[in-house]
Each structure stands twice: as structure tokens, then as C-alpha cells.
Amino acid sequence: MVLPPKQDDGLGVILLNSNADTHFSFTNALGMISVEQVRGVHIAAAQYPRASWIVALHHHVVEYPTLTKLLSERIGTALVNGNWFMRRLQALGGRAVLMHGHRHIDWIGRCAGLSILSAPSPVMDAADNADTYFYIHSLALQEDGALALFRPERVDVGGQLTRN
């Protein structure tokens, strides 16, 4: 799905389906971006060559550059074809940010010249009385056409006691 920018050098949104087309119950744990979707990204970018883009998907794109001892923290969370996908998005250069969920920690970084914003997931081991948070991200277009990402604003949400 593409929400084009309102003007040639504006901000558009591209929503991708990263859930792999599989036939078992753990479907949304496996992520993959299809060739057809990448072709659509390139078509949208070609129609608006001066625009910037938010590319949103469920799965995180590549493994985070952190040490981990648990295999479960690595398997089934990043896109199966994440490296291929990132190589295809390099053409967008600094004109795009990737936003994703699925990974249950928050992380902001860069890969292949693109900013990657990982949303924390309050649903894992969440309880109504537990505090949680989310971020508000601010973006701006720089004079060279690159998309600047400012320090996010964290919004804390207090847990609420429930009555039985």
C-alpha cells in the first residue's frame, strides 16, 4: 500500500506485508518481502524521485548488532531475505526510514544508509497494571534532500489496576 506524498518533494508512506505466505500456525513469526512488493517500492520512488518515504513493515529487517546467547532471539524475528531487501532499498539512500514492530525491544540504528526504527512491543508479558511506553518520532527534510530523524519523544503510560 502506498500513500503518495502531497507534493513532489513531500513525505509518502509505503506499507509492506512482511508475513511469509506459509501454511502453518506460526505464520507471522517468519518474515519475507516479496519481489513484487520491492518492485512496487521502486515504482513509487520513480514516480516521486524527490520524495522521502516511511517504509513500514511488521518484521525487523536485519539482525541487530548486539551479542545474544539465545538462538530464539535470532531465529524467526528478522526477515528471511532481509539482506536482499536492504540492498534493494539502498537506491532510496537517505530519503527513507524503515519502521517495524515484531522485535520486542526498542532499537534505533542505521543499515545501508537507512534509518531503522524498531517499535517496542508492550504485548509480550504485558499486564494491565504494568507501565509501558511508546515513542513519537519527528522527521525533517534536509537541504540536500536527505530525511533527518530527530531524537524521539518517549511517552510513558502508567499501568492501571483492574477490578475482578
# chains A, B, ... in the order shown; residues from 1 in each chain; ligands from 1
$ residues_around --residues "A:Ile108" --least-positions-apart "4" --cutoff "9 Å" --atoms "only C-alpha atoms" --output "VMD selection string"
chain A and resid 115 to 119
$ residues_around --residues "A:Arg87" --least-positions-apart "6" --cutoff "12 Å" --atoms "only C-alpha atoms" --output "PyMOL selection string"
chain A and resi 38+61-62+81+93+111-114
$ residues_around --residues "A:Leu161" --least-positions-apart "2" --cutoff "9 Å" --atoms "only C-alpha atoms" --output "list of chain:residue names"
A:Asp128, A:Asn129, A:Ala130, A:Gly159, A:Arg163
$ write_last_selection --atoms "C-alpha atoms" --output "CSV table (one decimal), in the first residue's frame"
chain,number,residue,atom,x,y,z
A,128,ASP,CA,-2.9,-4.2,32.6
A,129,ASN,CA,-1.2,-2.9,35.8
A,130,ALA,CA,2.3,-2.7,34.2
A,159,GLY,CA,-0.5,0.7,34.3
A,163,ARG,CA,-11.1,-4.9,39.4
$ residues_around --residues "A:Ala44" --least-positions-apart "2" --cutoff "12 Å" --atoms "only C-alpha atoms" --output "number ranges by chain"
A: 1-5, 8, 11-15, 37-42, 46-53, 55, 92
$ closest_residue --among "A:Ile54, A:Trp107, A:Ala78, A:Tyr133" --to "A:Leu30" --atoms "only C-alpha atoms"
A:Ala78
$ decode --residues "stretch 17-56 of chain A" --atoms "N, CA and C atoms" --output "JSON list (two decimals), in the first residue's frame"
[["chain", "number", "residue", "atom", "x", "y", "z"],
["A", 17, "ASN", "N", 3.72, -5.93, 3.47],
["A", 17, "ASN", "CA", 3.32, -7.13, 4.20],
["A", 17, "ASN", "C", 4.54, -8.04, 4.31],
["A", 18, "SER", "N", 5.10, -8.13, 5.50],
["A", 18, "SER", "CA", 6.30, -8.94, 5.69],
["A", 18, "SER", "C", 6.00, -10.34, 6.21],
["A", 19, "ASN", "N", 4.74, -10.68, 6.40],
["A", 19, "ASN", "CA", 4.42, -12.03, 6.85],
["A", 19, "ASN", "C", 4.58, -13.01, 5.70],
["A", 20, "ALA", "N", 5.39, -14.03, 5.91],
["A", 20, "ALA", "CA", 5.63, -15.03, 4.87],
["A", 20, "ALA", "C", 4.35, -15.80, 4.60],
["A", 21, "ASP", "N", 4.14, -16.15, 3.35],
["A", 21, "ASP", "CA", 2.97, -16.92, 2.94],
["A", 21, "ASP", "C", 3.26, -18.40, 3.22],
["A", 22, "THR", "N", 2.89, -18.85, 4.41],
["A", 22, "THR", "CA", 3.16, -20.23, 4.81],
["A", 22, "THR", "C", 1.86, -20.92, 5.19],
["A", 23, "HIS", "N", 1.96, -22.19, 5.50],
["A", 23, "HIS", "CA", 0.77, -22.98, 5.78],
["A", 23, "HIS", "C", 0.83, -23.66, 7.15],
["A", 24, "PHE", "N", 1.32, -22.93, 8.14],
["A", 24, "PHE", "CA", 1.30, -23.48, 9.49],
["A", 24, "PHE", "C", 1.00, -22.37, 10.47],
["A", 25, "SER", "N", 0.67, -22.70, 11.69],
["A", 25, "SER", "CA", 0.12, -21.74, 12.64],
["A", 25, "SER", "C", 1.08, -20.67, 13.11],
["A", 26, "PHE", "N", 2.36, -20.83, 12.92],
["A", 26, "PHE", "CA", 3.33, -19.87, 13.42],
["A", 26, "PHE", "C", 3.69, -18.86, 12.32],
["A", 27, "THR", "N", 2.73, -18.60, 11.42],
["A", 27, "THR", "CA", 2.97, -17.83, 10.21],
["A", 27, "THR", "C", 3.63, -16.48, 10.45],
["A", 28, "ASN", "N", 3.13, -15.66, 11.36],
["A", 28, "ASN", "CA", 3.65, -14.31, 11.45],
["A", 28, "ASN", "C", 5.04, -14.24, 12.07],
["A", 29, "ALA", "N", 5.59, -15.35, 12.50],
["A", 29, "ALA", "CA", 6.96, -15.33, 13.01],
["A", 29, "ALA", "C", 7.97, -15.31, 11.87],
["A", 30, "LEU", "N", 7.60, -15.80, 10.72],
["A", 30, "LEU", "CA", 8.50, -15.81, 9.57],
["A", 30, "LEU", "C", 8.23, -14.60, 8.71],
["A", 31, "GLY", "N", 9.28, -13.84, 8.41],
["A", 31, "GLY", "CA", 9.11, -12.64, 7.62],
["A", 31, "GLY", "C", 9.87, -12.69, 6.32],
["A", 32, "MET", "N", 9.22, -12.16, 5.28],
["A", 32, "MET", "CA", 9.87, -12.10, 3.97],
["A", 32, "MET", "C", 9.16, -11.00, 3.17],
["A", 33, "ILE", "N", 9.94, -10.28, 2.38],
["A", 33, "ILE", "CA", 9.39, -9.28, 1.47],
["A", 33, "ILE", "C", 9.48, -9.84, 0.06],
["A", 34, "SER", "N", 8.38, -9.80, -0.66],
["A", 34, "SER", "CA", 8.34, -10.39, -2.00],
["A", 34, "SER", "C", 8.98, -9.47, -3.03],
["A", 35, "VAL", "N", 9.36, -10.06, -4.14],
["A", 35, "VAL", "CA", 9.92, -9.32, -5.27],
["A", 35, "VAL", "C", 8.89, -8.31, -5.78],
["A", 36, "GLU", "N", 7.62, -8.71, -5.80],
["A", 36, "GLU", "CA", 6.55, -7.84, -6.28],
["A", 36, "GLU", "C", 6.44, -6.58, -5.42],
["A", 37, "GLN", "N", 6.57, -6.73, -4.10],
["A", 37, "GLN", "CA", 6.49, -5.57, -3.22],
["A", 37, "GLN", "C", 7.67, -4.63, -3.43],
["A", 38, "VAL", "N", 8.86, -5.18, -3.60],
["A", 38, "VAL", "CA", 10.05, -4.34, -3.85],
["A", 38, "VAL", "C", 9.88, -3.62, -5.18],
["A", 39, "ARG", "N", 9.33, -4.30, -6.18],
["A", 39, "ARG", "CA", 9.07, -3.66, -7.46],
["A", 39, "ARG", "C", 8.11, -2.47, -7.25],
["A", 40, "GLY", "N", 7.10, -2.65, -6.41],
["A", 40, "GLY", "CA", 6.17, -1.57, -6.11],
["A", 40, "GLY", "C", 6.85, -0.39, -5.42],
["A", 41, "VAL", "N", 7.79, -0.67, -4.51],
["A", 41, "VAL", "CA", 8.55, 0.40, -3.86],
["A", 41, "VAL", "C", 9.31, 1.20, -4.92],
["A", 42, "HIS", "N", 9.95, 0.51, -5.84],
["A", 42, "HIS", "CA", 10.72, 1.19, -6.88],
["A", 42, "HIS", "C", 9.82, 1.99, -7.83],
["A", 43, "ILE", "N", 8.64, 1.48, -8.11],
["A", 43, "ILE", "CA", 7.69, 2.22, -8.96],
["A", 43, "ILE", "C", 7.26, 3.51, -8.26],
["A", 44, "ALA", "N", 6.91, 3.42, -6.99],
["A", 44, "ALA", "CA", 6.51, 4.61, -6.23],
["A", 44, "ALA", "C", 7.65, 5.61, -6.15],
["A", 45, "ALA", "N", 8.86, 5.14, -5.87],
["A", 45, "ALA", "CA", 10.02, 6.03, -5.77],
["A", 45, "ALA", "C", 10.33, 6.69, -7.12],
["A", 46, "ALA", "N", 10.13, 5.97, -8.21],
["A", 46, "ALA", "CA", 10.38, 6.53, -9.54],
["A", 46, "ALA", "C", 9.35, 7.61, -9.89],
["A", 47, "GLN", "N", 8.11, 7.44, -9.43],
["A", 47, "GLN", "CA", 7.08, 8.45, -9.69],
["A", 47, "GLN", "C", 7.31, 9.72, -8.91],
["A", 48, "TYR", "N", 7.99, 9.61, -7.76],
["A", 48, "TYR", "CA", 8.28, 10.75, -6.90],
["A", 48, "TYR", "C", 9.76, 10.73, -6.54],
["A", 49, "PRO", "N", 10.64, 11.03, -7.49],
["A", 49, "PRO", "CA", 12.08, 10.89, -7.25],
["A", 49, "PRO", "C", 12.66, 11.85, -6.21],
["A", 50, "ARG", "N", 11.95, 12.91, -5.89],
["A", 50, "ARG", "CA", 12.44, 13.86, -4.88],
["A", 50, "ARG", "C", 11.77, 13.66, -3.52],
["A", 51, "ALA", "N", 10.89, 12.69, -3.42],
["A", 51, "ALA", "CA", 10.14, 12.47, -2.18],
["A", 51, "ALA", "C", 10.95, 11.67, -1.18],
["A", 52, "SER", "N", 10.53, 11.76, 0.07],
["A", 52, "SER", "CA", 11.06, 10.92, 1.15],
["A", 52, "SER", "C", 9.96, 9.94, 1.54],
["A", 53, "TRP", "N", 10.38, 8.83, 2.19],
["A", 53, "TRP", "CA", 9.43, 7.76, 2.45],
["A", 53, "TRP", "C", 9.58, 7.19, 3.85],
["A", 54, "ILE", "N", 8.45, 6.87, 4.46],
["A", 54, "ILE", "CA", 8.42, 5.99, 5.63],
["A", 54, "ILE", "C", 8.01, 4.63, 5.08],
["A", 55, "VAL", "N", 8.85, 3.63, 5.29],
["A", 55, "VAL", "CA", 8.56, 2.27, 4.87],
["A", 55, "VAL", "C", 8.24, 1.49, 6.14],
["A", 56, "ALA", "N", 7.01, 1.00, 6.23],
["A", 56, "ALA", "CA", 6.56, 0.32, 7.45],
["A", 56, "ALA", "C", 6.29, -1.16, 7.16]]
